[in-house]
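The block underneath contains the structure these notes are about, expressed in structure tokens.
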Amino acid sequence: MRRMFRRELRRSYAPPDMILVLQRANELMATGDYAGAASSFEQLARAAEGRTGKRAPLLYIQAGRARIFAGQSAMGVDLLERGLGLFAVRGRPRKLARAAYRIVNELNQRGLTKEAGQITKYVTELEPGINLNNAPVEDSEKHPTLPTHCPGCGAPIHPDDVDWIDNVTAECEYCGSPVRGEN
């Protein structure tokens with residue numbers, strides 16, 4: 001039984017070449033090279049979508065964020081909508097609601113109200129029951145505190161969105177690496 005779990009966990013890891021590109025994209029994002037980060041995230045998103053990978057929506061969202069921060073709002077909004085739309089198509093309303101809420105809040109905080117309005121309109125047309133004015137209800141189960149970024153790829157970690165492997169270990173949404181929490 002233990003071997004089967006380990007094999008299943010390993011199967012969910014991103015390929016090593018993808019992890020290198022993902023690390024680089026996250027480094028570019030952290031240093032403010034948003035155009036470079038956007039190109040890398042877009043490349044990763046297209047590759048993941050081609051494999052029908054579960055990581056494609058998040059990669060499109062990161063690409064969209066990077067494009068917007070690079071001053072390319074129209075392209076950014078298109079990429080954000082692509083990522084959010086993939087959550088809807090794949091029947092992931094919880095992920096859609098949490099990601100959309102986070103995106104709209106971030107855009108509003110940066111003074112990008114036009115873009116926030118576009119995303120709000122898109123999401124409410126996609127899933128009419130979603131309310132982006134209130135934070136989605138958090139999981140009631142208590143988990144340890146996770147680091148803010150994945151030690152494997154450098155991607156941001158959102159504790160309310162990760163899949164928990166066990167009581168103290170979550171899976172990075174971007175690369176699939178296990179991330180241990182601390183009490």
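By order of appearance in the structure tokens: chains A, B, ..., then residues from 1 within every chain, and ligands from 1 in the order shown.
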Using only C-alpha atoms, what table do you get, as a tab-separated table, when you list each residue of stretch 83-129 of chain A with an atom no more than 12 Å from stretch 48-52 of chain A, its nearest pair of atoms, and their distance in Å rounded to one decimal, rows by chain then rising number?
residue	atom	partner	partner_atom	distance
A:Gly83	CA	A:Glu49	CA	10.1
A:Leu86	CA	A:Glu49	CA	9.3
A:Phe87	CA	A:Glu49	CA	11.9
A:Val89	CA	A:Thr52	CA	11.9
A:Arg90	CA	A:Thr52	CA	10.2
Please produce an output containing C-alpha atoms for each residue in the selection, written as a PDB file, in the first residue's frame.
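Listed below is the output, selection.pdb:
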ATOM      1  CA  GLY A  83      -7.286  30.076 -16.810  1.00  0.00           C
ATOM      2  CA  LEU A  86     -10.516  26.053 -17.653  1.00  0.00           C
ATOM      3  CA  PHE A  87     -11.519  25.737 -13.992  1.00  0.00           C
ATOM      4  CA  VAL A  89     -14.895  23.609 -17.930  1.00  0.00           C
ATOM      5  CA  ARG A  90     -13.191  21.070 -15.680  1.00  0.00           C
TER       6      ARG A  90
END
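Near A:Asp33, within 12 Å and counting only C-alpha atoms, sit Arg24, Ala25, Asn26, Glu27, Leu28, Met29, Ala30, Thr31, Ala35, Gly36, Ala37, Ala38, Ser39, Ser40, Ala66, Arg67, Ile68, Phe69, Ala70 and Gly71 of chain A; same-chain residues fewer than 2 positions away were not included.
Counting from atom CA of A:Ile130, the distance to atom CA of A:Met75 is 24.1 Å.
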Practice task
Name all residues at most 8 Å from A:Pro159 (count only C-alpha atoms; drop same-chain ones fewer than 2 positions away) and give them as a ChimeraX atom specification.
Solution key: /A:145-146,157,161-162
Kindly save the residues from that selection, with N, CA and C atoms included, as a short mmCIF file (atom, residue, chain, number, x, y, z; two decimals), in the first residue's frame.
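Here's the written file part-v6.cif:
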data_model
loop_
_atom_site.label_atom_id
_atom_site.label_comp_id
_atom_site.auth_asym_id
_atom_site.auth_seq_id
_atom_site.Cartn_x
_atom_site.Cartn_y
_atom_site.Cartn_z
N THR A 145 0.74 25.77 9.25
CA THR A 145 1.10 26.90 8.40
C THR A 145 2.08 26.44 7.32
N LEU A 146 1.78 26.82 6.09
CA LEU A 146 2.65 26.48 4.96
C LEU A 146 3.56 27.66 4.63
N ILE A 157 2.18 29.82 -2.73
CA ILE A 157 1.32 28.78 -2.16
C ILE A 157 0.16 29.47 -1.46
N ASP A 161 -6.15 26.75 -1.12
CA ASP A 161 -6.35 26.11 -2.42
C ASP A 161 -5.59 24.81 -2.63
N VAL A 162 -4.64 24.50 -1.77
CA VAL A 162 -3.81 23.32 -1.99
C VAL A 162 -4.57 22.04 -1.70
#
Could you give me the residues within stretch 101-181 of chain A that DSSP places in helix (DSSP H, G or I), as a short mmCIF file (atom, residue, chain, number, x, y, z; two decimals) with C-alpha atoms, in the first residue's frame?
data_model
loop_
_atom_site.label_atom_id
_atom_site.label_comp_id
_atom_site.auth_asym_id
_atom_site.auth_seq_id
_atom_site.Cartn_x
_atom_site.Cartn_y
_atom_site.Cartn_z
CA TYR A 101 -11.72 36.35 -5.71
CA ARG A 102 -7.94 36.59 -5.29
CA ILE A 103 -7.46 38.05 -8.79
CA VAL A 104 -10.20 40.67 -8.43
CA ASN A 105 -8.87 41.76 -5.04
CA GLU A 106 -5.31 42.02 -6.33
CA LEU A 107 -6.37 44.04 -9.37
CA ASN A 108 -8.47 46.40 -7.23
CA GLN A 109 -5.58 46.87 -4.77
CA THR A 113 -10.53 48.55 -11.48
CA LYS A 114 -11.36 48.24 -15.18
CA GLU A 115 -9.57 44.89 -15.37
CA ALA A 116 -11.14 43.76 -12.08
CA GLY A 117 -14.56 44.63 -13.50
CA GLN A 118 -13.87 42.63 -16.65
CA ILE A 119 -12.90 39.56 -14.62
CA THR A 120 -15.92 39.95 -12.33
CA LYS A 121 -18.26 40.17 -15.33
CA TYR A 122 -16.64 37.16 -17.00
CA VAL A 123 -16.82 34.97 -13.89
CA THR A 124 -20.41 35.88 -13.03
CA GLU A 125 -21.46 35.05 -16.60
CA LEU A 126 -19.51 31.79 -16.40
#
List every residue of stretch 28-102 of chain A that has an atom at most 10 Å from any atom of stretch 166-181 of chain A, giving for each one its closest atom pair and the distance in Å to one decimal, counting only C-alpha atoms, sorted by chain and then by ascending residue number, as a Markdown table.
| residue | atom | partner | partner_atom | distance |
| --- | --- | --- | --- | --- |
| A:Lys54 | CA | A:Glu173 | CA | 8.6 |
| A:Arg55 | CA | A:Tyr174 | CA | 5.9 |
| A:Ala56 | CA | A:Tyr174 | CA | 8.8 |
| A:Pro57 | CA | A:Tyr174 | CA | 9.9 |
| A:Leu58 | CA | A:Tyr174 | CA | 7.2 |
| A:Leu59 | CA | A:Tyr174 | CA | 7.5 |
Exercise for the section: Run DSSP on the backbone and grab whatever in stretch 21-173 of chain A lands in strand (DSSP E or B); send it over as a PyMOL selection string. Expected result: chain A and resi 145+149+156+163-164+169-171
With C-alpha atoms kept, could you save the residues just selected as a PDB file, in the first residue's frame?
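Saved to part_14.pdb:
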ATOM      1  CA  THR A 145       1.105  26.897   8.404  1.00  0.00           C
ATOM      2  CA  HIS A 149       6.352  29.853  -1.733  1.00  0.00           C
ATOM      3  CA  PRO A 156       3.185  31.099  -4.502  1.00  0.00           C
ATOM      4  CA  ASP A 163      -4.604  19.642  -1.952  1.00  0.00           C
ATOM      5  CA  TRP A 164      -3.470  18.102   1.325  1.00  0.00           C
ATOM      6  CA  THR A 169       1.879  17.954   3.866  1.00  0.00           C
ATOM      7  CA  ALA A 170       0.291  19.751   0.925  1.00  0.00           C
ATOM      8  CA  GLU A 171       0.967  19.400  -2.786  1.00  0.00           C
TER       9      GLU A 171
END
